[in-house]
>>> print(open('query-v6.cif').read())   # mmCIF, C-alpha atoms
data_work
loop_
_atom_site.group_PDB
_atom_site.id
_atom_site.type_symbol
_atom_site.label_atom_id
_atom_site.label_comp_id
_atom_site.auth_asym_id
_atom_site.auth_seq_id
_atom_site.Cartn_x
_atom_site.Cartn_y
_atom_site.Cartn_z
ATOM 1 C CA MET A 136 0.000 0.000 0.000
ATOM 2 C CA LEU A 137 1.058 3.548 -0.575
ATOM 3 C CA ASP A 138 2.229 5.381 2.499
ATOM 4 C CA THR A 139 -0.201 8.226 2.226
ATOM 5 C CA LYS A 140 -2.894 9.941 4.180
ATOM 6 C CA LEU A 141 -5.074 10.167 1.111
ATOM 7 C CA GLY A 142 -8.148 7.986 1.088
ATOM 8 C CA GLU A 143 -8.768 5.552 -1.750
ATOM 9 C CA GLU A 144 -11.529 7.718 -3.192
ATOM 10 C CA GLU A 145 -9.284 10.744 -3.296
ATOM 11 C CA LEU A 146 -6.447 8.791 -4.893
ATOM 12 C CA ARG A 147 -8.786 7.546 -7.602
ATOM 13 C CA ARG A 148 -9.982 11.075 -8.241
ATOM 14 C CA ILE A 149 -6.410 12.356 -8.569
ATOM 15 C CA VAL A 150 -5.486 9.542 -10.957
ATOM 16 C CA ARG A 151 -8.523 10.273 -13.135
ATOM 17 C CA GLU A 152 -7.704 13.975 -13.204
ATOM 18 C CA GLU A 153 -4.082 13.278 -14.118
ATOM 19 C CA ILE A 154 -5.149 11.007 -16.984
ATOM 20 C CA ALA A 155 -7.620 13.603 -18.228
ATOM 21 C CA ALA A 156 -4.933 16.303 -18.024
ATOM 22 C CA ALA A 157 -2.448 14.129 -19.938
ATOM 23 C CA LEU A 158 -5.022 13.441 -22.647
ATOM 24 C CA LYS A 159 -5.795 17.133 -22.946
ATOM 25 C CA LYS A 160 -2.106 17.849 -23.549
ATOM 26 C CA ASP A 161 -2.144 15.254 -26.326
ATOM 27 C CA PRO A 162 -5.231 15.812 -28.455
ATOM 28 C CA ALA A 163 -4.062 13.155 -30.934
ATOM 29 C CA ALA A 164 -4.943 10.536 -28.327
ATOM 30 C CA ARG A 165 -8.571 11.407 -28.961
ATOM 31 C CA LYS A 166 -8.485 11.327 -32.747
ATOM 32 C CA ALA A 167 -8.936 8.469 -35.163
ATOM 33 C CA ALA A 168 -8.531 8.392 -38.942
ATOM 34 C CA ILE A 169 -9.734 5.293 -40.756
ATOM 35 C CA ILE A 170 -9.591 4.292 -44.422
ATOM 36 C CA ALA A 171 -12.378 1.990 -45.615
ATOM 37 C CA SER A 172 -11.320 0.494 -48.953
ATOM 38 C CA LYS A 173 -13.477 -2.591 -49.270
ATOM 39 C CA GLY A 174 -16.953 -2.844 -50.743
ATOM 40 C CA THR A 175 -18.319 -6.176 -49.609
ATOM 41 C CA LEU A 176 -20.960 -6.732 -46.922
ATOM 42 C CA ASP A 177 -18.532 -8.411 -44.509
ATOM 43 C CA TRP A 178 -15.919 -5.670 -44.855
ATOM 44 C CA ALA A 179 -18.470 -2.895 -44.500
ATOM 45 C CA TYR A 180 -18.752 -3.770 -40.822
ATOM 46 C CA PRO A 181 -15.243 -3.173 -39.391
ATOM 47 C CA PRO A 182 -14.924 0.540 -40.269
ATOM 48 C CA LEU A 183 -18.480 1.246 -39.097
ATOM 49 C CA ILE A 184 -18.157 -0.738 -35.866
ATOM 50 C CA LEU A 185 -14.768 0.726 -34.979
ATOM 51 C CA SER A 186 -15.724 4.294 -35.833
ATOM 52 C CA THR A 187 -18.971 4.223 -33.852
ATOM 53 C CA ALA A 188 -17.222 2.580 -30.871
ATOM 54 C CA ALA A 189 -14.460 5.191 -31.070
ATOM 55 C CA ALA A 190 -17.016 8.007 -31.109
ATOM 56 C CA ALA A 191 -18.768 6.426 -28.110
ATOM 57 C CA SER A 192 -15.386 6.393 -26.361
ATOM 58 C CA GLY A 193 -15.076 10.136 -26.842
ATOM 59 C CA MET A 194 -12.913 10.221 -29.957
ATOM 60 C CA GLU A 195 -13.189 12.465 -32.994
ATOM 61 C CA VAL A 196 -13.360 10.093 -35.917
ATOM 62 C CA ALA A 197 -13.004 10.526 -39.661
ATOM 63 C CA VAL A 198 -13.561 7.625 -42.050
ATOM 64 C CA PHE A 199 -12.345 7.966 -45.627
ATOM 65 C CA PHE A 200 -14.186 5.724 -48.060
ATOM 66 C CA THR A 201 -12.130 4.990 -51.135
ATOM 67 C CA PHE A 202 -12.306 2.597 -54.078
ATOM 68 C CA TYR A 203 -14.872 -0.150 -53.332
ATOM 69 C CA GLY A 204 -15.347 1.290 -49.857
ATOM 70 C CA LEU A 205 -17.567 3.900 -51.523
ATOM 71 C CA ASN A 206 -20.237 1.174 -51.678
ATOM 72 C CA VAL A 207 -20.690 1.460 -47.905
ATOM 73 C CA ILE A 208 -21.912 5.062 -48.022
ATOM 74 C CA HIS A 209 -23.683 4.790 -51.373
ATOM 75 C CA LYS A 210 -27.448 5.408 -51.104
ATOM 76 C CA ASP A 211 -27.944 1.983 -52.643
ATOM 77 C CA PHE A 212 -25.688 0.176 -50.145
ATOM 78 C CA GLU A 213 -28.349 -2.423 -49.341
ATOM 79 C CA ARG A 214 -28.090 -3.739 -52.902
ATOM 80 C CA LYS A 215 -24.400 -3.032 -53.505
ATOM 81 C CA LEU A 216 -22.967 -4.731 -50.430
ATOM 82 C CA LYS A 217 -22.676 -8.443 -51.086
ATOM 83 C CA VAL A 218 -20.485 -11.288 -50.003
ATOM 84 C CA SER A 219 -19.238 -14.146 -52.149
ATOM 85 C CA PRO A 220 -18.030 -17.599 -51.114
ATOM 86 C CA VAL A 221 -15.604 -17.563 -54.089
ATOM 87 C CA GLY A 222 -12.012 -17.160 -53.017
ATOM 88 C CA ASN A 223 -13.219 -16.841 -49.448
ATOM 89 C CA PRO A 224 -12.472 -20.147 -47.693
ATOM 90 C CA GLY A 225 -12.850 -18.415 -44.322
ATOM 91 C CA MET A 226 -16.551 -17.854 -44.822
ATOM 92 C CA PRO A 227 -18.607 -20.209 -42.662
ATOM 93 C CA MET A 228 -20.965 -22.191 -44.916
ATOM 94 C CA PRO A 229 -23.399 -24.987 -43.931
ATOM 95 C CA VAL A 230 -21.471 -27.303 -46.295
ATOM 96 C CA PRO A 231 -18.061 -26.690 -47.892
ATOM 97 C CA VAL A 232 -18.561 -24.836 -51.193
ATOM 98 C CA PRO A 233 -15.774 -25.270 -53.779
ATOM 99 C CA ASP A 234 -15.010 -22.126 -55.802
ATOM 100 C CA ILE A 235 -16.374 -23.732 -58.981
ATOM 101 C CA VAL A 236 -19.772 -24.161 -57.279
ATOM 102 C CA GLY A 237 -19.610 -20.754 -55.583
ATOM 103 C CA ALA A 238 -19.150 -19.201 -59.014
ATOM 104 C CA LEU A 239 -22.568 -20.436 -60.220
ATOM 105 C CA PRO A 240 -25.273 -17.811 -60.785
ATOM 106 C CA GLY A 241 -27.213 -17.027 -57.626
ATOM 107 C CA MET A 242 -24.515 -18.148 -55.187
ATOM 108 C CA THR A 243 -23.452 -14.596 -54.293
ATOM 109 C CA GLY A 244 -27.069 -13.683 -53.584
ATOM 110 C CA MET A 245 -27.454 -16.787 -51.451
ATOM 111 C CA ALA A 246 -24.278 -16.171 -49.481
ATOM 112 C CA THR A 247 -25.288 -12.527 -48.945
ATOM 113 C CA ALA A 248 -28.746 -13.507 -47.688
ATOM 114 C CA MET A 249 -27.159 -16.118 -45.434
ATOM 115 C CA MET A 250 -24.746 -13.635 -43.893
ATOM 116 C CA LYS A 251 -27.493 -11.057 -43.329
ATOM 117 C CA SER A 252 -29.615 -13.694 -41.621
ATOM 118 C CA MET A 253 -26.682 -14.834 -39.426
ATOM 119 C CA PHE A 254 -26.046 -11.247 -38.343
ATOM 120 C CA ARG A 255 -29.745 -10.601 -37.682
ATOM 121 C CA LYS A 256 -30.038 -13.772 -35.592
ATOM 122 C CA LYS A 257 -27.185 -12.573 -33.402
ATOM 123 C CA ASN A 258 -28.805 -9.167 -33.191
ATOM 124 C CA VAL A 259 -25.871 -7.386 -34.829
ATOM 125 C CA ALA A 260 -26.821 -3.889 -35.940
ATOM 126 C CA GLY A 261 -27.385 -3.601 -39.687
ATOM 127 C CA ILE A 262 -25.358 -1.346 -41.982
ATOM 128 C CA ALA A 263 -28.204 1.215 -42.119
ATOM 129 C CA GLU A 264 -28.324 1.468 -38.321
ATOM 130 C CA LEU A 265 -24.537 1.743 -38.027
ATOM 131 C CA ILE A 266 -24.432 4.541 -40.613
ATOM 132 C CA ASP A 267 -27.169 6.361 -38.675
ATOM 133 C CA VAL A 268 -25.289 5.915 -35.391
ATOM 134 C CA ALA A 269 -22.062 7.112 -37.025
ATOM 135 C CA ARG A 270 -23.706 10.290 -38.281
ATOM 136 C CA GLU A 271 -25.563 10.925 -35.013
ATOM 137 C CA SER A 272 -22.359 10.516 -33.008
ATOM 138 C CA GLY A 273 -20.402 12.931 -35.169
ATOM 139 C CA VAL A 274 -18.281 10.477 -37.156
ATOM 140 C CA ARG A 275 -17.162 12.264 -40.349
ATOM 141 C CA LEU A 276 -17.891 10.166 -43.422
ATOM 142 C CA ILE A 277 -15.619 11.290 -46.241
ATOM 143 C CA ALA A 278 -15.845 10.029 -49.815
ATOM 144 C CA CYS A 279 -12.670 9.955 -51.886
ATOM 145 C CA GLN A 280 -13.273 12.409 -54.716
ATOM 146 C CA MET A 281 -10.869 10.765 -57.171
ATOM 147 C CA THR A 282 -12.315 7.228 -56.977
ATOM 148 C CA MET A 283 -15.832 8.693 -57.043
ATOM 149 C CA GLU A 284 -15.046 10.233 -60.399
ATOM 150 C CA VAL A 285 -13.336 7.094 -61.687
ATOM 151 C CA PHE A 286 -16.432 5.031 -60.836
ATOM 152 C CA GLY A 287 -18.776 7.688 -62.209
ATOM 153 C CA TYR A 288 -20.469 8.578 -58.906
ATOM 154 C CA GLU A 289 -22.004 11.976 -58.172
ATOM 155 C CA ALA A 290 -22.217 13.656 -54.778
ATOM 156 C CA ASP A 291 -25.959 12.892 -54.766
ATOM 157 C CA ASP A 292 -25.280 9.156 -54.992
ATOM 158 C CA PHE A 293 -24.197 9.078 -51.347
ATOM 159 C CA VAL A 294 -26.110 9.107 -48.068
ATOM 160 C CA ALA A 295 -26.768 12.505 -46.515
ATOM 161 C CA GLY A 296 -23.981 14.089 -44.523
ATOM 162 C CA VAL A 297 -21.085 12.671 -46.558
ATOM 163 C CA GLU A 298 -18.137 15.009 -47.128
ATOM 164 C CA PHE A 299 -15.667 14.847 -49.995
ATOM 165 C CA GLY A 300 -11.891 14.947 -49.983
ATOM 166 C CA GLY A 301 -8.641 13.500 -51.209
ATOM 167 C CA ALA A 302 -5.381 11.996 -50.041
ATOM 168 C CA ALA A 303 -3.995 15.239 -48.611
ATOM 169 C CA ALA A 304 -7.158 15.768 -46.551
ATOM 170 C CA PHE A 305 -6.858 12.257 -45.123
ATOM 171 C CA LEU A 306 -3.155 12.658 -44.333
ATOM 172 C CA SER A 307 -3.768 15.977 -42.659
ATOM 173 C CA THR A 308 -6.285 14.311 -40.355
ATOM 174 C CA ALA A 309 -4.182 11.172 -39.882
ATOM 175 C CA ARG A 310 -1.006 12.995 -38.861
ATOM 176 C CA ARG A 311 -2.949 14.530 -35.994
ATOM 177 C CA ALA A 312 -4.395 11.191 -34.875
ATOM 178 C CA HIS A 313 -2.697 8.418 -32.948
ATOM 179 C CA LEU A 314 -5.208 5.899 -34.189
ATOM 180 C CA THR A 315 -5.012 5.291 -37.932
ATOM 181 C CA LEU A 316 -6.338 2.188 -39.647
ATOM 182 C CA PHE A 317 -6.425 0.970 -43.222
ATOM 183 C CA ILE A 318 -9.312 -1.422 -43.704
ATOM 184 C CA MET B 18 -21.644 -6.010 -0.253
ATOM 185 C CA ALA B 19 -23.930 -3.007 -0.025
ATOM 186 C CA GLU B 20 -26.275 -2.472 -2.950
ATOM 187 C CA ILE B 21 -25.105 0.274 -5.313
ATOM 188 C CA GLN B 22 -27.733 2.929 -5.945
ATOM 189 C CA ASP B 23 -28.202 3.761 -9.610
ATOM 190 C CA ASP B 24 -29.669 6.938 -11.064
ATOM 191 C CA GLU B 25 -30.427 5.525 -14.491
ATOM 192 C CA VAL B 26 -30.694 2.071 -16.018
ATOM 193 C CA LEU B 27 -29.715 1.148 -19.555
ATOM 194 C CA ASP B 28 -31.004 -2.159 -20.840
ATOM 195 C CA ALA B 29 -28.617 -3.202 -23.610
ATOM 196 C CA SER B 30 -29.699 -6.848 -23.451
ATOM 197 C CA GLY B 31 -29.563 -8.596 -26.806
ATOM 198 C CA LEU B 32 -27.430 -5.904 -28.426
ATOM 199 C CA SER B 33 -24.122 -6.839 -30.025
ATOM 200 C CA CYS B 34 -20.869 -4.938 -30.358
ATOM 201 C CA PRO B 35 -20.609 -1.954 -30.718
ATOM 202 C CA MET B 36 -24.141 -1.046 -29.611
ATOM 203 C CA PRO B 37 -23.766 -1.539 -25.820
ATOM 204 C CA VAL B 38 -21.034 1.141 -25.646
ATOM 205 C CA VAL B 39 -22.839 3.345 -28.164
ATOM 206 C CA ARG B 40 -26.008 3.269 -26.048
ATOM 207 C CA ALA B 41 -23.983 3.656 -22.836
ATOM 208 C CA ALA B 42 -22.312 6.788 -24.199
ATOM 209 C CA GLN B 43 -25.723 8.198 -25.163
ATOM 210 C CA ALA B 44 -27.239 7.382 -21.768
ATOM 211 C CA MET B 45 -24.264 8.879 -19.930
ATOM 212 C CA ARG B 46 -24.849 12.244 -21.587
ATOM 213 C CA GLY B 47 -28.097 12.608 -19.639
ATOM 214 C CA LEU B 48 -26.420 12.122 -16.262
ATOM 215 C CA ALA B 49 -24.723 14.630 -13.974
ATOM 216 C CA PRO B 50 -21.163 14.021 -12.708
ATOM 217 C CA GLY B 51 -21.222 11.591 -9.790
ATOM 218 C CA GLN B 52 -24.450 9.924 -10.871
ATOM 219 C CA VAL B 53 -24.436 6.194 -11.534
ATOM 220 C CA LEU B 54 -25.562 4.403 -14.694
ATOM 221 C CA ARG B 55 -26.483 0.733 -14.444
ATOM 222 C CA ILE B 56 -25.893 -1.079 -17.713
ATOM 223 C CA VAL B 57 -27.413 -4.484 -18.371
ATOM 224 C CA ALA B 58 -25.928 -6.387 -21.309
ATOM 225 C CA THR B 59 -25.855 -9.944 -22.611
ATOM 226 C CA ASP B 60 -23.010 -9.547 -25.125
ATOM 227 C CA ARG B 61 -20.032 -11.345 -23.513
ATOM 228 C CA GLY B 62 -17.665 -8.922 -25.225
ATOM 229 C CA SER B 63 -19.058 -6.253 -22.907
ATOM 230 C CA LEU B 64 -16.948 -7.748 -20.123
ATOM 231 C CA ALA B 65 -13.938 -6.226 -21.881
ATOM 232 C CA ASP B 66 -15.663 -3.382 -23.723
ATOM 233 C CA ILE B 67 -17.522 -1.610 -20.924
ATOM 234 C CA PRO B 68 -14.439 -1.342 -18.626
ATOM 235 C CA ALA B 69 -12.335 -0.052 -21.569
ATOM 236 C CA TRP B 70 -15.040 2.405 -22.564
ATOM 237 C CA ALA B 71 -15.425 3.635 -18.971
ATOM 238 C CA GLU B 72 -11.696 4.226 -18.661
ATOM 239 C CA ASP B 73 -11.452 6.033 -22.001
ATOM 240 C CA THR B 74 -14.358 8.326 -21.209
ATOM 241 C CA GLY B 75 -13.233 9.318 -17.721
ATOM 242 C CA ASN B 76 -16.054 7.431 -16.042
ATOM 243 C CA GLU B 77 -15.540 5.022 -13.184
ATOM 244 C CA LEU B 78 -16.564 1.387 -13.274
ATOM 245 C CA LEU B 79 -17.780 0.658 -9.745
ATOM 246 C CA ASP B 80 -18.779 -2.961 -10.137
ATOM 247 C CA THR B 81 -19.372 -5.757 -12.621
ATOM 248 C CA ARG B 82 -21.692 -8.680 -12.012
ATOM 249 C CA ASP B 83 -22.363 -11.774 -14.047
ATOM 250 C CA GLU B 84 -25.833 -12.937 -13.092
ATOM 251 C CA GLY B 85 -25.941 -16.136 -15.096
ATOM 252 C CA GLY B 86 -25.110 -14.528 -18.434
ATOM 253 C CA ARG B 87 -26.882 -11.278 -17.633
ATOM 254 C CA LEU B 88 -24.009 -8.810 -17.213
ATOM 255 C CA VAL B 89 -24.568 -5.827 -14.964
ATOM 256 C CA PHE B 90 -22.175 -2.873 -14.834
ATOM 257 C CA PHE B 91 -22.301 0.120 -12.512
ATOM 258 C CA VAL B 92 -20.543 3.162 -13.945
ATOM 259 C CA ARG B 93 -20.201 6.483 -12.156
ATOM 260 C CA LYS B 94 -20.050 9.541 -14.367
ATOM 261 C CA GLY B 95 -16.754 11.431 -14.188
ATOM 262 C CA SER B 96 -16.346 15.151 -13.761
ATOM 263 C CA GLU B 97 -15.785 16.107 -17.419
#
>>> encode(input="query-v6.cif", output="structure tokens")
Amino acid sequence: MLDTKLGEEELRRIVREEIAAALKKDPAARKAAIIASKGTLDWAYPPLILSTAAAASGMEVAVFFTFYGLNVIHKDFERKLKVSPVGNPGMPMPVPVPDIVGALPGMTGMATAMMKSMFRKKNVAGIAELIDVARESGVRLIACQMTMEVFGYEADDFVAGVEFGGAAAFLSTARRAHLTLFI
Amino acid sequence: MAEIQDDEVLDASGLSCPMPVVRAAQAMRGLAPGQVLRIVATDRGSLADIPAWAEDTGNELLDTRDEGGRLVFFVRKGSE
């Protein structure tokens, strides 16, 4: 035990205040910059889950959606986000599905429906709910302007509240954030 | 052990990661510093997530109970 006249309560208070003071001196500890580069249903989850959890933990979060990641914030994400068993041996299937079978018409739709149903059964929030939570909790959703133009998307193609930017904008945010992730 | 008095209860039963901490953060906003939020969750990941969230947000985890899979957390709001 510490040789002190302070009570436990008071010690805890001092420790909390010291941590808060240290964090204030280092604003980067409260900032996160995430790149979301993948456009499948399974990979839509990690950036949304991590960004909403980070916002709930008091962080300022910016997520940059680039290349196929643009699917996640596209107005039509419900139809665009799919998952395929092809080339994805990690995907749990009721029976093993060889790539040559997974490549048959309809298999992607089946695998997508199966994953959605698995997630629903476990009460995992859907993509729509996670996007809503992200926006409500102040997560900045930023679409990569260059890939948007390459894929022929317009600003109106994305959900409300999306911002637009490029590599320099991401780097400027990332260099001021301790937490940076490429997903 | 004496019963901890709560000021607000959040039922996050059935919710999966990240929703228990998202809802906890929302519920905490309505409390005054020093008040206690009781969080009920069934997601086992909450055993790691709620303590981490409490620490990161300057709130104090007073107690954790596992009542046969029903996880109960008492978190006191910090002075931010």
>>> residues_around(input="query-v6.cif", residues="stretch 190-200 of chain A", least_positions_apart="2", cutoff="8 Å", atoms="all atoms listed in the file", output="JSON, numbers by chain")
{"A": [165, 166, 167, 168, 169, 170, 171, 172, 182, 186, 187, 188, 202, 203, 204, 205, 207, 208, 269, 272, 273, 274, 275, 276, 277, 278, 279, 305, 308], "B": [38, 39, 41, 42, 43, 70, 71, 73, 74]}
>>> resolve_selection(input="query-v6.cif", expression="the PyMOL selection byres ((chain B) within 12 of (chain A))", output="number ranges by chain")
B: 29-46, 51, 59-60, 66-79, 93-97
>>> residues_around(input="query-v6.cif", residues="B:Leu48", least_positions_apart="6", cutoff="9 Å", atoms="only C-alpha atoms", output="list in words")
Asp24, Glu25, Leu54 and Lys94 of chain B
>>> atom_distance(input="query-v6.cif", atom1="atom CA of A:His313", atom2="atom CA of A:Ala163")
5.3 Å
>>> atom_distance(input="query-v6.cif", atom1="atom CA of B:Gly47", atom2="atom CA of B:Leu27")
11.6 Å
>>> residues_near_point(input="query-v6.cif", point="(-18.4, -22.2, -52.1)", cutoff="9 Å", atoms="only C-alpha atoms", output="list in words")
Ser219, Pro220, Val221, Gly222, Asn223, Pro224, Met226, Met228, Val230, Pro231, Val232, Pro233, Asp234, Ile235, Val236, Gly237, Ala238, Met242 and Ala246 of chain A
>>> atom_distance(input="query-v6.cif", atom1="atom CA of A:Pro227", atom2="atom CA of A:Met250")
9.1 Å
>>> resolve_selection(input="query-v6.cif", expression="the PyMOL selection byres ((chain B and resi 82) around 12)", output="VMD selection string")
chain B and resid 20 to 21 55 to 59 61 63 to 64 78 to 81 83 to 91
>>> closest_residue(input="query-v6.cif", among="A:Leu141, A:Leu146, A:Ala164, A:Val294", to="A:Leu314", atoms="only C-alpha atoms")
A:Ala164
>>> decode(input="query-v6.cif", residues="stretch 277-297 of chain A", atoms="N, CA and C atoms", output="PDB file, in the first residue's frame")
ATOM      1  N   ILE A 277     -16.231  10.538 -45.147  1.00  0.00           N
ATOM      2  CA  ILE A 277     -15.619  11.290 -46.241  1.00  0.00           C
ATOM      3  C   ILE A 277     -15.426  10.383 -47.454  1.00  0.00           C
ATOM      4  N   ALA A 278     -15.989  10.806 -48.575  1.00  0.00           N
ATOM      5  CA  ALA A 278     -15.845  10.029 -49.815  1.00  0.00           C
ATOM      6  C   ALA A 278     -14.634  10.541 -50.580  1.00  0.00           C
ATOM      7  N   CYS A 279     -13.854   9.602 -51.095  1.00  0.00           N
ATOM      8  CA  CYS A 279     -12.670   9.955 -51.886  1.00  0.00           C
ATOM      9  C   CYS A 279     -13.128  10.469 -53.250  1.00  0.00           C
ATOM     10  N   GLN A 280     -12.821  11.737 -53.499  1.00  0.00           N
ATOM     11  CA  GLN A 280     -13.273  12.409 -54.716  1.00  0.00           C
ATOM     12  C   GLN A 280     -12.755  11.721 -55.986  1.00  0.00           C
ATOM     13  N   MET A 281     -11.484  11.327 -55.960  1.00  0.00           N
ATOM     14  CA  MET A 281     -10.869  10.765 -57.171  1.00  0.00           C
ATOM     15  C   MET A 281     -11.550   9.445 -57.568  1.00  0.00           C
ATOM     16  N   THR A 282     -11.700   8.511 -56.603  1.00  0.00           N
ATOM     17  CA  THR A 282     -12.315   7.228 -56.977  1.00  0.00           C
ATOM     18  C   THR A 282     -13.789   7.404 -57.332  1.00  0.00           C
ATOM     19  N   MET A 283     -14.443   8.384 -56.680  1.00  0.00           N
ATOM     20  CA  MET A 283     -15.832   8.693 -57.043  1.00  0.00           C
ATOM     21  C   MET A 283     -15.935   8.984 -58.519  1.00  0.00           C
ATOM     22  N   GLU A 284     -14.995   9.837 -58.988  1.00  0.00           N
ATOM     23  CA  GLU A 284     -15.046  10.233 -60.399  1.00  0.00           C
ATOM     24  C   GLU A 284     -14.685   9.070 -61.315  1.00  0.00           C
ATOM     25  N   VAL A 285     -13.718   8.263 -60.883  1.00  0.00           N
ATOM     26  CA  VAL A 285     -13.336   7.094 -61.687  1.00  0.00           C
ATOM     27  C   VAL A 285     -14.537   6.163 -61.869  1.00  0.00           C
ATOM     28  N   PHE A 286     -15.297   5.955 -60.773  1.00  0.00           N
ATOM     29  CA  PHE A 286     -16.432   5.031 -60.836  1.00  0.00           C
ATOM     30  C   PHE A 286     -17.703   5.695 -61.366  1.00  0.00           C
ATOM     31  N   GLY A 287     -17.622   6.996 -61.642  1.00  0.00           N
ATOM     32  CA  GLY A 287     -18.776   7.688 -62.209  1.00  0.00           C
ATOM     33  C   GLY A 287     -19.859   8.028 -61.188  1.00  0.00           C
ATOM     34  N   TYR A 288     -19.481   8.187 -59.924  1.00  0.00           N
ATOM     35  CA  TYR A 288     -20.469   8.578 -58.906  1.00  0.00           C
ATOM     36  C   TYR A 288     -20.572  10.093 -58.802  1.00  0.00           C
ATOM     37  N   GLU A 289     -21.777  10.554 -58.434  1.00  0.00           N
ATOM     38  CA  GLU A 289     -22.004  11.976 -58.172  1.00  0.00           C
ATOM     39  C   GLU A 289     -22.196  12.147 -56.671  1.00  0.00           C
ATOM     40  N   ALA A 290     -22.045  13.376 -56.215  1.00  0.00           N
ATOM     41  CA  ALA A 290     -22.217  13.656 -54.778  1.00  0.00           C
ATOM     42  C   ALA A 290     -23.582  13.152 -54.289  1.00  0.00           C
ATOM     43  N   ASP A 291     -24.600  13.284 -55.137  1.00  0.00           N
ATOM     44  CA  ASP A 291     -25.959  12.892 -54.766  1.00  0.00           C
ATOM     45  C   ASP A 291     -26.135  11.384 -54.618  1.00  0.00           C
ATOM     46  N   ASP A 292     -25.157  10.614 -55.084  1.00  0.00           N
ATOM     47  CA  ASP A 292     -25.280   9.156 -54.992  1.00  0.00           C
ATOM     48  C   ASP A 292     -25.052   8.651 -53.569  1.00  0.00           C
ATOM     49  N   PHE A 293     -24.566   9.535 -52.685  1.00  0.00           N
ATOM     50  CA  PHE A 293     -24.197   9.078 -51.347  1.00  0.00           C
ATOM     51  C   PHE A 293     -25.216   9.489 -50.287  1.00  0.00           C
ATOM     52  N   VAL A 294     -25.176   8.809 -49.155  1.00  0.00           N
ATOM     53  CA  VAL A 294     -26.110   9.107 -48.068  1.00  0.00           C
ATOM     54  C   VAL A 294     -25.857  10.539 -47.582  1.00  0.00           C
ATOM     55  N   ALA A 295     -26.870  11.120 -46.966  1.00  0.00           N
ATOM     56  CA  ALA A 295     -26.768  12.505 -46.515  1.00  0.00           C
ATOM     57  C   ALA A 295     -25.641  12.655 -45.491  1.00  0.00           C
ATOM     58  N   GLY A 296     -24.997  13.790 -45.532  1.00  0.00           N
ATOM     59  CA  GLY A 296     -23.981  14.089 -44.523  1.00  0.00           C
ATOM     60  C   GLY A 296     -22.570  13.715 -44.931  1.00  0.00           C
ATOM     61  N   VAL A 297     -22.423  13.067 -46.101  1.00  0.00           N
ATOM     62  CA  VAL A 297     -21.085  12.671 -46.558  1.00  0.00           C
ATOM     63  C   VAL A 297     -20.311  13.904 -47.028  1.00  0.00           C
TER      64      VAL A 297
END
